[in-house]
Protein chains: 2
Amino acid sequence: MDNFNFYSPTEFVFGKDRASEAGSYVKKYGGSKVLIHYGGGSAVRSGLIGVVKKSLDEAGIAHCELGGVQPNPRDTLVYKGIEMCRNEGVDLILAVGGGSVIDSSKAIAIGVPYDGDFWDLYCGKAPEKALPVATVLTIAAAGSEGSGNSVITKEDGMLKRGTGSDLMRPRFSIMDPALTRSLPAYQTACGATDIMAHVFERYFTNTKEVEITDRLCESVLLTMVKETPRVIADPDNYDARANIMWAGMVAHNNICGVGRQQDWNSHGLEHELSGLYDVAHGAGLAVIMPSWMEYVHGHNVMRFCQMATRVFGCQMNYEDPESTALEGIHRFRAFLHSIGMPINFAELGAKEEDIPELVRKIGVGTGRRGGFVELGADDITAIYKIAAHASL
Amino acid sequence: MDNFNFYSPTEFVFGKDRASEAGSYVKKYGGSKVLIHYGGGSAVRSGLIGVVKKSLDEAGIAHCELGGVQPNPRDTLVYKGIEMCRNEGVDLILAVGGGSVIDSSKAIAIGVPYDGDFWDLYCGKAPEKALPVATVLTIAAAGSEGSGNSVITKEDGMLKRGTGSDLMRPRFSIMDPALTRSLPAYQTACGATDIMAHVFERYFTNTKEVEITDRLCESVLLTMVKETPRVIADPDNYDARANIMWAGMVAHNNICGVGRQQDWNSHGLEHELSGLYDVAHGAGLAVIMPSWMEYVHGHNVMRFCQMATRVFGCQMNYEDPESTALEGIHRFRAFLHSIGMPINFAELGAKEEDIPELVRKIGVGTGRRGGFVELGADDITAIYKIAAHASL
């Protein structure tokens with residue numbers, strides 16, 4: 001096990017009807033003027049924004065609002081948010097939405113006290129200050145409610161870049177599983193895929209002797225394998241949604257990833273797909289991740305056997321371990337297909353002829369050096385090709 | 001799943017040679033005058049206290065010290081610590097030791113700003129303020145390095161009482177697994193038992209649909225089943241110690257217990273044993289916990305089957321589930337025996353004729369109402385009797 005620091009100071013406020021407590025938590029964490037940041041109209045139409053505003057009013061907290069965050073959140077709205085916070089004297093940003101809204105809020109939070117262009121902070125410069133961020137989560141997926149990470153897309157060139165700092169960890173996150181009930185099945189499944197991918201990026205490691213984090217990773221994966229089909233079949237199943245929502249936080253606040261090298265190449269490869277085609281991140285991951293697994297499994301067959309037996313219930317073939325590893329990967333892809341995810345380029349809406357362009361773009365960005373297997377341009381091309389033609 | 005809040009703001013500083021960073025973390029968390037609180041002479045003899053002092057000196061942090069914390073830490077030393085902190089103007093308490101030292105530090109921390117007798121805060125009154133506490137952990141066991149709990153023994157009558165508040169959660173905890181290498185095997189095994197007990201107290205619940213926390217509980221238990229025999233056989237196995245140390249934190253910062261009723265009756269029953277005989281908490285738990293399981297297993301046979309199959313690798317007997325439940329309990333007791341723990345009163349040094357006295361004392365204290373099964377005096381007597389005569 002490697003040395004590490006683990007710090008997850010967010011107060012998680014979990015359960016039914018907790019959004020009406022937003023005002024008292026803002027007060028507890030010292031906010032007096034809040035920017036309510038959200039996405040499309042659904043948070044307004046569902047009445048959630050109204051509940052949050054009422055709660056802020058009751059607690060005597062002033063507020064302004066900025067909606068319009070898109071999936072794969074854009075730099076253009078971040079600039080607008082930064083300006084708004086400065087003009088209005090905002091001292092806490094309340095993200096009401098999913099990962100995109102939270103990531104946009106985090107970008108605004110580090111942008112407000114920064115003198116230059118906030119995009120610098122997504123190109124290697126470390127943030128030094130941030131406004132406090134809090135969240136009211138509406139989709140189980142990105143884990144941004146408990147993480148110090150944010151990913152923003154620069155509209156000019158559709159470049160997707162991420163940054164991370166403990167400064168961006170939310171002060172509190174309100175997580176009501178009932179808020180996710182109205183999500184379309186496709187979005188629920190995209191979220192579930194994202195959660196599983198966050199674990200797999202940590203699970204495939206070259207660090208030895210990390211039993212506790214291996215087992216924690218498998219806890220989340222086993223939960224997702226059990227609960228996801230239940231919510232797809234029955235969107236009103238509160239308990240299944242609750243298990244998924246909490247698993248989504250556990251998957252990404254890094255309790256599953258400490259003390260070990262992590263990979264993150266699949267995220268790198270996916271970012272270029274969602275950058276180019278504006279597809280949902282989870283859908284892109286469903287196409288990429290099993291393809292990446294197929295390509296790299298030879299690097300450590302036994303680790304894939306561990307996944308296959310512990311997570312996907314395969315019987316270990318002791319005479320031919322590789323067949324077990326491949327069976328596990330096959331079952332993962334079949335699982336993704338069963339919950340309605342695309343598993344190849346055609347189903348995703350991506351084109352094989354764009355592969356050189358995808359590879360060219362990834363060349364200038366992050367994501368090439370995985371903690372499990374380092375990938376060169378030829379490797380990345382090969383993985384995209386597997387993804388282009390994948391089938392069950 | 002029940003509604004819950006989860007808040008674990010401690011910064012965990014984990015790995016080899018981290019104790020020398022104590023000074024910089026005290027500085028980061030605003031301490032300028034530190035009370036170094038520790039137990040017997042081993043922390044001094046090993047040189048650890050010297051390392052910590054040097055680190056504080058280098059960071060320009062003033063310090064005083066108070067050693068002498070005993071296992072099952074006493075109120076008498078807490079009074080002394082409170083007086084010392086007030087006289088010296090201490091603004092951060094640094095516990096260098098295990099659960100007893102940390103619990104004593106927490107008691108001092110809430111006692112200093114409290115006007116009355118700190119014992120009130122262990123008899124139902126909630127603490128409202130506390131000095132910040134930080135830790136340098138030397139044994140994997142109590143989980144106090146990541147929890148907001150503290151248990152203190154009142155010397156007059158040897159009454160053991162606990163309290164809990166987020167105010168007592170450590171600001172930072174330095175966890176170097178190498179510091180646990182010199183522990184005698186017996187203490188290592190006591191610690192491992194305590195860790196498993198912290199999980200089982202949460203695992204046995206009447207709350208339905210808590211798959212994610214069930215799986216997280218099982219992660220810790222599976223890790224302990226794998227790693228404990230390895231450190232008993234090879235005390236210098238750093239990686240096994242690292243997995244156990246981190247598992248000990250995960251077992252008790254409540255990530256394994258949120259959203260569900262918890263039991264805690266075994267702890268209640270054990271507290272009277274260690275109160276009366278001054279035995280190690282883990283050793284008392286090794287005698288009590290499997291006996292409690294035997295007594296209550298009929299309350300939910302399937303939950304014990306889940307433990308048996310998922311944690312102890314039993315084959316499910318679908319024609320006779322109860323036999324699987326009992327086999328799981330048997331394997332747990334055999335595991336405890338294999339790591340050198342006592343499994344009955346004689347091995348522990350307790351006496352069957354004291355059972356009425358144990359039952360009488362527990363009657364006036366905490367621990368009767370379990371979240372899994374509520375116990376009356378007759379039930380408690382029966383469990384102590386099973387514990388008195390248990391064998392493999």
# chains A, B, ... in the order shown; residues from 1 in each chain; ligands from 1
call {"tool": "residues_around", "arguments": {"residues": "Val151 of chain B", "least_positions_apart": "4", "cutoff": "10 Å", "atoms": "only C-alpha atoms", "output": "ChimeraX atom specification"}}
result
/B:72-74,99-100,102-104,106-107,122,144,160-164,271
call {"tool": "write_last_selection", "arguments": {"atoms": "C-alpha atoms", "output": "mmCIF file, in the first residue's frame"}}
result
data_model
loop_
_atom_site.group_PDB
_atom_site.id
_atom_site.type_symbol
_atom_site.label_atom_id
_atom_site.label_comp_id
_atom_site.auth_asym_id
_atom_site.auth_seq_id
_atom_site.Cartn_x
_atom_site.Cartn_y
_atom_site.Cartn_z
ATOM 1 C CA ASN B 72 -10.049 1.631 29.877
ATOM 2 C CA PRO B 73 -9.029 5.276 30.479
ATOM 3 C CA ARG B 74 -9.999 6.790 33.829
ATOM 4 C CA GLY B 99 -8.056 4.253 21.512
ATOM 5 C CA SER B 100 -7.649 4.809 25.244
ATOM 6 C CA ILE B 102 -7.569 9.252 22.075
ATOM 7 C CA ASP B 103 -10.716 8.763 24.157
ATOM 8 C CA SER B 104 -9.021 10.395 27.148
ATOM 9 C CA LYS B 106 -11.523 13.731 23.656
ATOM 10 C CA ALA B 107 -12.806 13.808 27.230
ATOM 11 C CA TYR B 122 -20.834 11.088 29.766
ATOM 12 C CA SER B 144 -11.322 6.507 17.681
ATOM 13 C CA LYS B 160 -17.741 2.661 31.872
ATOM 14 C CA ARG B 161 -19.721 5.264 29.941
ATOM 15 C CA GLY B 162 -19.565 6.624 26.426
ATOM 16 C CA THR B 163 -20.492 9.821 24.619
ATOM 17 C CA GLY B 164 -20.476 10.987 21.025
ATOM 18 C CA HIS B 271 -18.172 -2.875 28.960
#
call {"tool": "select_by_dssp", "arguments": {"residues": "segment 136-384 of chain A", "states": "strand (DSSP E)", "output": "VMD selection string"}}
result
chain A and resid 136 to 137 149 to 154 159 to 164 172 to 175
call {"tool": "write_last_selection", "arguments": {"atoms": "C-alpha atoms", "output": "compact mmCIF listing (two decimals), in the first residue's frame"}}
result
# COMPACT_ATOMS: atom_id res chain seq x y z
CA VAL A 136 -28.59 19.53 -3.76
CA LEU A 137 -28.04 16.43 -5.87
CA ASN A 149 -12.93 17.39 -8.86
CA SER A 150 -14.48 19.31 -11.72
CA VAL A 151 -14.49 18.84 -15.49
CA ILE A 152 -15.32 21.73 -17.85
CA THR A 153 -15.58 21.87 -21.65
CA LYS A 154 -14.09 24.82 -23.50
CA LEU A 159 -11.82 20.66 -25.22
CA LYS A 160 -12.73 18.84 -22.01
CA ARG A 161 -10.37 19.39 -19.09
CA GLY A 162 -10.46 18.53 -15.41
CA THR A 163 -8.97 19.89 -12.21
CA GLY A 164 -8.97 18.81 -8.58
CA PHE A 172 -22.58 19.97 2.47
CA SER A 173 -24.45 17.85 -0.02
CA ILE A 174 -28.15 17.17 0.24
CA MET A 175 -28.92 13.81 -1.33
call {"tool": "residues_around", "arguments": {"residues": "Val359 of chain A", "least_positions_apart": "2", "cutoff": "10 Å", "atoms": "only C-alpha atoms", "output": "list in words"}}
result
Leu269, Glu272, Asp354, Ile355, Pro356, Glu357, Lys361, Ile362, Gly363, Val364, Gly376, Ala377, Asp378, Asp379, Ile380, Thr381 and Tyr384 of chain A
call {"tool": "write_last_selection", "arguments": {"atoms": "C-alpha atoms", "output": "PDB file, in the first residue's frame"}}
result
ATOM      1  CA  LEU A 269     -10.604   8.240 -24.005  1.00  0.00           C
ATOM      2  CA  GLU A 272     -12.780  12.934 -26.413  1.00  0.00           C
ATOM      3  CA  ASP A 354     -13.158   9.865 -36.711  1.00  0.00           C
ATOM      4  CA  ILE A 355     -10.706   7.688 -34.760  1.00  0.00           C
ATOM      5  CA  PRO A 356      -7.607   9.499 -36.072  1.00  0.00           C
ATOM      6  CA  GLU A 357      -9.189  12.806 -35.002  1.00  0.00           C
ATOM      7  CA  LYS A 361      -7.058  15.386 -29.757  1.00  0.00           C
ATOM      8  CA  ILE A 362      -6.232  13.092 -26.880  1.00  0.00           C
ATOM      9  CA  GLY A 363      -2.574  13.531 -27.781  1.00  0.00           C
ATOM     10  CA  VAL A 364      -2.598  17.119 -26.644  1.00  0.00           C
ATOM     11  CA  GLY A 376       0.597   5.246 -26.789  1.00  0.00           C
ATOM     12  CA  ALA A 377      -1.225   6.486 -29.894  1.00  0.00           C
ATOM     13  CA  ASP A 378      -1.306   2.968 -31.384  1.00  0.00           C
ATOM     14  CA  ASP A 379      -2.816   1.529 -28.220  1.00  0.00           C
ATOM     15  CA  ILE A 380      -5.486   4.225 -28.116  1.00  0.00           C
ATOM     16  CA  THR A 381      -6.310   3.641 -31.763  1.00  0.00           C
ATOM     17  CA  TYR A 384     -11.205   2.853 -30.168  1.00  0.00           C
TER      18      TYR A 384
END
call {"tool": "closest_atom_pairs", "arguments": {"of": "chain B", "to": "chain A", "cutoff": "9 Å", "atoms": "only C-alpha atoms", "output": "CSV"}}
result
residue,atom,partner,partner_atom,distance
B:Met1,CA,A:Asp239,CA,6.0
B:Asp2,CA,A:Gly15,CA,7.0
B:Asn3,CA,A:Gly15,CA,4.3
B:Phe4,CA,A:Phe14,CA,5.3
B:Asn5,CA,A:Val13,CA,4.7
B:Phe6,CA,A:Phe12,CA,5.0
B:Tyr7,CA,A:Glu11,CA,4.6
B:Ser8,CA,A:Pro9,CA,5.8
B:Pro9,CA,A:Pro9,CA,3.7
B:Thr10,CA,A:Tyr7,CA,6.4
B:Glu11,CA,A:Tyr7,CA,4.6
B:Phe12,CA,A:Phe6,CA,5.0
B:Val13,CA,A:Asn5,CA,4.7
B:Phe14,CA,A:Phe4,CA,5.3
B:Gly15,CA,A:Asn3,CA,4.3
B:Lys16,CA,A:Asn3,CA,6.6
B:Arg18,CA,A:Asn3,CA,8.7
B:Asp176,CA,A:Asn3,CA,8.9
B:Lys208,CA,A:Asp239,CA,8.6
B:Glu209,CA,A:Asp239,CA,6.0
B:Val210,CA,A:Asn243,CA,6.7
B:Glu211,CA,A:Thr223,CA,6.2
B:Ile212,CA,A:Thr223,CA,5.6
B:Thr213,CA,A:Asn243,CA,8.4
B:Asp214,CA,A:Ser219,CA,8.4
B:Arg215,CA,A:Ser219,CA,4.8
B:Leu216,CA,A:Ser219,CA,5.6
B:Cys217,CA,A:Ser219,CA,8.8
B:Glu218,CA,A:Ser219,CA,8.0
B:Ser219,CA,A:Arg215,CA,4.8
B:Val220,CA,A:Ile212,CA,6.6
B:Leu222,CA,A:Arg215,CA,7.7
B:Thr223,CA,A:Ile212,CA,5.6
B:Met224,CA,A:Ile212,CA,8.7
B:Lys226,CA,A:Glu211,CA,8.5
B:Glu227,CA,A:Glu211,CA,8.4
B:Tyr238,CA,A:Met1,CA,8.7
B:Asp239,CA,A:Glu209,CA,6.0
B:Ala240,CA,A:Glu209,CA,7.5
B:Ala242,CA,A:Met1,CA,7.0
B:Asn243,CA,A:Ile212,CA,5.7
B:Ile244,CA,A:Ile212,CA,7.9
B:Trp246,CA,A:Ile212,CA,7.5
B:Ala247,CA,A:Ile212,CA,6.4
B:Val250,CA,A:Ile255,CA,8.9
B:Ile255,CA,A:Val250,CA,8.9
B:Gly259,CA,A:Phe14,CA,8.4
call {"tool": "residues_around", "arguments": {"residues": "segment 45-55 of chain B", "least_positions_apart": "6", "cutoff": "8 Å", "atoms": "only C-alpha atoms", "output": "ChimeraX atom specification"}}
result
/B:19-24,63,96
call {"tool": "select_by_dssp", "arguments": {"residues": "segment 120-328 of chain B", "states": "helix (DSSP H, G or I)", "output": "PyMOL selection string"}}
result
chain B and resi 120-122+166-168+177-180+185-203+211-233+238-250+265-277+281-299+301-310+321-328
call {"tool": "write_last_selection", "arguments": {"atoms": "C-alpha atoms", "output": "short mmCIF file (atom, residue, chain, number, x, y, z; two decimals), in the first residue's frame"}}
result
data_model
loop_
_atom_site.label_atom_id
_atom_site.label_comp_id
_atom_site.auth_asym_id
_atom_site.auth_seq_id
_atom_site.Cartn_x
_atom_site.Cartn_y
_atom_site.Cartn_z
CA ASP B 120 -21.99 15.12 33.07
CA LEU B 121 -21.07 14.89 29.39
CA TYR B 122 -20.83 11.09 29.77
CA ASP B 166 -18.99 15.56 15.88
CA LEU B 167 -17.12 18.12 18.02
CA MET B 168 -14.80 15.32 19.10
CA PRO B 177 1.14 1.12 10.21
CA ALA B 178 4.84 0.61 11.03
CA LEU B 179 4.18 1.99 14.52
CA THR B 180 2.01 -1.07 15.25
CA ALA B 185 0.42 -10.54 19.18
CA TYR B 186 -2.27 -10.55 21.88
CA GLN B 187 -2.83 -6.80 21.59
CA THR B 188 -2.83 -6.98 17.80
CA ALA B 189 -5.52 -9.67 17.99
CA CYS B 190 -7.54 -7.68 20.54
CA GLY B 191 -7.46 -4.76 18.14
CA ALA B 192 -8.57 -6.91 15.22
CA THR B 193 -11.47 -8.27 17.28
CA ASP B 194 -12.56 -4.76 18.21
CA ILE B 195 -12.52 -3.74 14.54
CA MET B 196 -14.69 -6.71 13.55
CA ALA B 197 -17.05 -6.03 16.45
CA HIS B 198 -17.50 -2.42 15.34
CA VAL B 199 -18.71 -3.74 12.01
CA PHE B 200 -20.94 -6.48 13.41
CA GLU B 201 -22.68 -3.99 15.73
CA ARG B 202 -23.73 -2.19 12.54
CA TYR B 203 -24.22 -5.25 10.35
CA GLU B 211 -27.12 -3.31 0.30
CA ILE B 212 -24.35 -0.72 0.00
CA THR B 213 -23.63 -0.58 3.74
CA ASP B 214 -23.96 -4.38 4.03
CA ARG B 215 -21.33 -4.72 1.33
CA LEU B 216 -19.07 -2.09 2.93
CA CYS B 217 -19.33 -3.95 6.25
CA GLU B 218 -18.40 -7.19 4.52
CA SER B 219 -15.37 -5.48 2.88
CA VAL B 220 -13.92 -4.72 6.28
CA LEU B 221 -14.73 -8.17 7.66
CA LEU B 222 -13.23 -9.97 4.64
CA THR B 223 -10.11 -7.84 4.96
CA MET B 224 -9.77 -8.69 8.64
CA VAL B 225 -10.27 -12.41 8.00
CA LYS B 226 -7.51 -12.32 5.41
CA GLU B 227 -5.01 -9.95 7.03
CA THR B 228 -5.19 -10.71 10.77
CA PRO B 229 -3.64 -14.21 10.62
CA ARG B 230 -0.89 -12.76 8.43
CA VAL B 231 0.22 -10.20 11.04
CA ILE B 232 -0.08 -12.73 13.84
CA ALA B 233 2.24 -15.04 11.88
CA TYR B 238 3.76 -3.84 6.80
CA ASP B 239 1.12 -4.28 4.12
CA ALA B 240 -1.07 -6.53 6.23
CA ARG B 241 -0.77 -4.03 9.08
CA ALA B 242 -1.63 -1.19 6.69
CA ASN B 243 -4.77 -2.93 5.48
CA ILE B 244 -5.84 -3.62 9.06
CA MET B 245 -5.13 -0.06 10.20
CA TRP B 246 -7.20 1.49 7.42
CA ALA B 247 -9.94 -1.11 7.90
CA GLY B 248 -10.06 -0.08 11.56
CA MET B 249 -10.88 3.49 10.59
CA VAL B 250 -13.45 2.47 7.96
CA ASN B 265 -25.60 -4.61 22.81
CA SER B 266 -22.42 -6.69 22.66
CA HIS B 267 -20.43 -3.56 23.48
CA GLY B 268 -22.78 -2.89 26.37
CA LEU B 269 -22.29 -6.40 27.72
CA GLU B 270 -18.54 -6.23 27.22
CA HIS B 271 -18.17 -2.88 28.96
CA GLU B 272 -19.30 -4.48 32.20
CA LEU B 273 -16.74 -7.26 31.79
CA SER B 274 -13.82 -4.92 31.23
CA GLY B 275 -15.18 -2.65 33.94
CA LEU B 276 -15.22 -5.48 36.49
CA TYR B 277 -12.07 -7.39 35.51
CA HIS B 281 -11.93 -4.59 25.43
CA GLY B 282 -11.14 -6.75 22.38
CA ALA B 283 -10.70 -9.85 24.51
CA GLY B 284 -14.04 -9.25 26.20
CA LEU B 285 -15.69 -8.81 22.81
CA ALA B 286 -14.20 -12.11 21.59
CA VAL B 287 -16.03 -13.85 24.42
CA ILE B 288 -19.28 -11.92 24.17
CA MET B 289 -19.91 -11.36 20.47
CA PRO B 290 -20.21 -14.96 19.21
CA SER B 291 -22.27 -15.77 22.32
CA TRP B 292 -24.61 -12.88 21.56
CA MET B 293 -24.85 -14.15 17.97
CA GLU B 294 -25.77 -17.64 19.14
CA TYR B 295 -28.47 -16.25 21.39
CA VAL B 296 -30.09 -13.89 18.85
CA HIS B 297 -29.56 -15.74 15.55
CA GLY B 298 -33.18 -16.89 15.43
CA HIS B 299 -34.28 -13.27 15.15
CA VAL B 301 -31.58 -16.49 10.38
CA MET B 302 -31.10 -15.24 6.82
CA ARG B 303 -28.95 -12.33 7.94
CA PHE B 304 -26.65 -14.75 9.74
CA CYS B 305 -26.61 -16.90 6.59
CA GLN B 306 -25.50 -13.80 4.67
CA MET B 307 -22.64 -13.33 7.11
CA ALA B 308 -21.76 -17.03 6.97
CA THR B 309 -21.62 -17.23 3.19
CA ARG B 310 -20.26 -13.81 2.28
CA PRO B 321 -30.61 -22.37 6.60
CA GLU B 322 -30.17 -22.37 10.37
CA SER B 323 -27.29 -24.80 10.09
CA THR B 324 -25.54 -22.31 7.81
CA ALA B 325 -26.18 -19.47 10.26
CA LEU B 326 -24.71 -21.51 13.13
CA GLU B 327 -21.78 -22.63 11.00
CA GLY B 328 -20.97 -18.97 10.32
#
call {"tool": "closest_residue", "arguments": {"among": "A:Ala387, A:Ala142, A:Ala382, A:Ala59", "to": "Ala251 of chain A", "atoms": "only C-alpha atoms"}}
result
A:Ala142
call {"tool": "residues_around", "arguments": {"residues": "Ser165 of chain B", "least_positions_apart": "4", "cutoff": "10 Å", "atoms": "only C-alpha atoms", "output": "ChimeraX atom specification"}}
result
/B:106,110,126-130,147-150,169
call {"tool": "write_last_selection", "arguments": {"atoms": "N, CA and C atoms", "output": "PDB file, in the first residue's frame"}}
result
ATOM      1  N   LYS B 106     -10.214  13.174  24.014  1.00  0.00           N
ATOM      2  CA  LYS B 106     -11.523  13.731  23.656  1.00  0.00           C
ATOM      3  C   LYS B 106     -12.270  14.201  24.903  1.00  0.00           C
ATOM      4  N   ILE B 110     -13.548  18.123  25.560  1.00  0.00           N
ATOM      5  CA  ILE B 110     -14.888  18.663  25.852  1.00  0.00           C
ATOM      6  C   ILE B 110     -14.976  19.165  27.280  1.00  0.00           C
ATOM      7  N   ALA B 126     -25.210  16.861  26.349  1.00  0.00           N
ATOM      8  CA  ALA B 126     -24.444  16.982  25.104  1.00  0.00           C
ATOM      9  C   ALA B 126     -23.375  18.065  25.219  1.00  0.00           C
ATOM     10  N   PRO B 127     -22.161  17.775  24.791  1.00  0.00           N
ATOM     11  CA  PRO B 127     -21.126  18.811  24.777  1.00  0.00           C
ATOM     12  C   PRO B 127     -21.470  19.906  23.763  1.00  0.00           C
ATOM     13  N   GLU B 128     -21.136  21.140  24.100  1.00  0.00           N
ATOM     14  CA  GLU B 128     -21.432  22.246  23.175  1.00  0.00           C
ATOM     15  C   GLU B 128     -20.184  22.860  22.562  1.00  0.00           C
ATOM     16  N   LYS B 129     -19.059  22.646  23.200  1.00  0.00           N
ATOM     17  CA  LYS B 129     -17.792  23.173  22.691  1.00  0.00           C
ATOM     18  C   LYS B 129     -16.710  22.134  22.942  1.00  0.00           C
ATOM     19  N   ALA B 130     -15.614  22.254  22.216  1.00  0.00           N
ATOM     20  CA  ALA B 130     -14.492  21.347  22.460  1.00  0.00           C
ATOM     21  C   ALA B 130     -13.210  21.965  21.930  1.00  0.00           C
ATOM     22  N   SER B 147     -13.501   8.697  14.650  1.00  0.00           N
ATOM     23  CA  SER B 147     -14.873   8.753  15.178  1.00  0.00           C
ATOM     24  C   SER B 147     -15.086   9.965  16.069  1.00  0.00           C
ATOM     25  N   GLY B 148     -16.336  10.232  16.376  1.00  0.00           N
ATOM     26  CA  GLY B 148     -16.678  11.297  17.311  1.00  0.00           C
ATOM     27  C   GLY B 148     -17.068  10.715  18.663  1.00  0.00           C
ATOM     28  N   ASN B 149     -16.568   9.525  18.973  1.00  0.00           N
ATOM     29  CA  ASN B 149     -16.956   8.834  20.204  1.00  0.00           C
ATOM     30  C   ASN B 149     -15.814   8.741  21.201  1.00  0.00           C
ATOM     31  N   SER B 150     -16.193   8.585  22.458  1.00  0.00           N
ATOM     32  CA  SER B 150     -15.222   8.428  23.536  1.00  0.00           C
ATOM     33  C   SER B 150     -15.866   7.630  24.661  1.00  0.00           C
ATOM     34  N   ARG B 169     -14.589  14.759  16.722  1.00  0.00           N
ATOM     35  CA  ARG B 169     -13.881  14.121  15.603  1.00  0.00           C
ATOM     36  C   ARG B 169     -12.512  14.783  15.438  1.00  0.00           C
TER      37      ARG B 169
END
call {"tool": "atom_distance", "arguments": {"atom1": "atom CA of Asn317 of chain B", "atom2": "atom CA of Gln262 of chain B"}}
result
27.3 Å
call {"tool": "atom_distance", "arguments": {"atom1": "atom CA of Asp75 of chain A", "atom2": "atom CA of Asp278 of chain A"}}
result
14.8 Å
call {"tool": "closest_residue", "arguments": {"among": "B:Asn206, B:Ser32, B:Ser42, B:Gln315", "to": "Gly89 of chain B", "atoms": "only C-alpha atoms"}}
result
B:Ser32
call {"tool": "decode", "arguments": {"residues": "segment 57-97 of chain A", "atoms": "C-alpha atoms", "output": "compact mmCIF listing (two decimals), in the first residue's frame"}}
result
# COMPACT_ATOMS: atom_id res chain seq x y z
CA ASP A 57 -35.99 32.62 2.49
CA GLU A 58 -37.07 31.06 5.76
CA ALA A 59 -33.47 31.04 6.95
CA GLY A 60 -33.07 34.69 5.94
CA ILE A 61 -30.49 33.91 3.24
CA ALA A 62 -30.38 36.23 0.21
CA HIS A 63 -30.05 34.56 -3.18
CA CYS A 64 -29.68 35.06 -6.91
CA GLU A 65 -29.80 32.38 -9.59
CA LEU A 66 -28.18 31.20 -12.78
CA GLY A 67 -29.66 28.33 -14.76
CA GLY A 68 -28.74 26.84 -18.10
CA VAL A 69 -25.90 24.47 -17.27
CA GLN A 70 -25.62 21.94 -20.11
CA PRO A 71 -24.37 18.35 -19.91
CA ASN A 72 -20.60 18.56 -20.40
CA PRO A 73 -20.72 22.04 -18.79
CA ARG A 74 -19.22 24.91 -20.77
CA ASP A 75 -16.67 27.57 -19.92
CA THR A 76 -18.98 30.26 -21.35
CA LEU A 77 -21.52 29.88 -18.53
CA VAL A 78 -18.74 29.70 -15.95
CA TYR A 79 -17.55 33.18 -17.02
CA LYS A 80 -21.10 34.44 -16.61
CA GLY A 81 -21.37 32.88 -13.14
CA ILE A 82 -18.06 34.37 -12.00
CA GLU A 83 -19.20 37.83 -13.06
CA MET A 84 -22.55 37.39 -11.37
CA CYS A 85 -20.98 36.27 -8.07
CA ARG A 86 -18.60 39.23 -8.10
CA ASN A 87 -21.35 41.72 -8.87
CA GLU A 88 -23.80 40.33 -6.36
CA GLY A 89 -21.35 39.66 -3.53
CA VAL A 90 -22.17 35.94 -3.43
CA ASP A 91 -20.45 34.04 -0.59
CA LEU A 92 -21.69 30.48 -1.23
CA ILE A 93 -22.63 28.65 -4.43
CA LEU A 94 -25.47 26.16 -4.16
CA ALA A 95 -25.50 23.68 -7.04
CA VAL A 96 -28.96 22.22 -7.59
CA GLY A 97 -28.56 19.43 -10.10
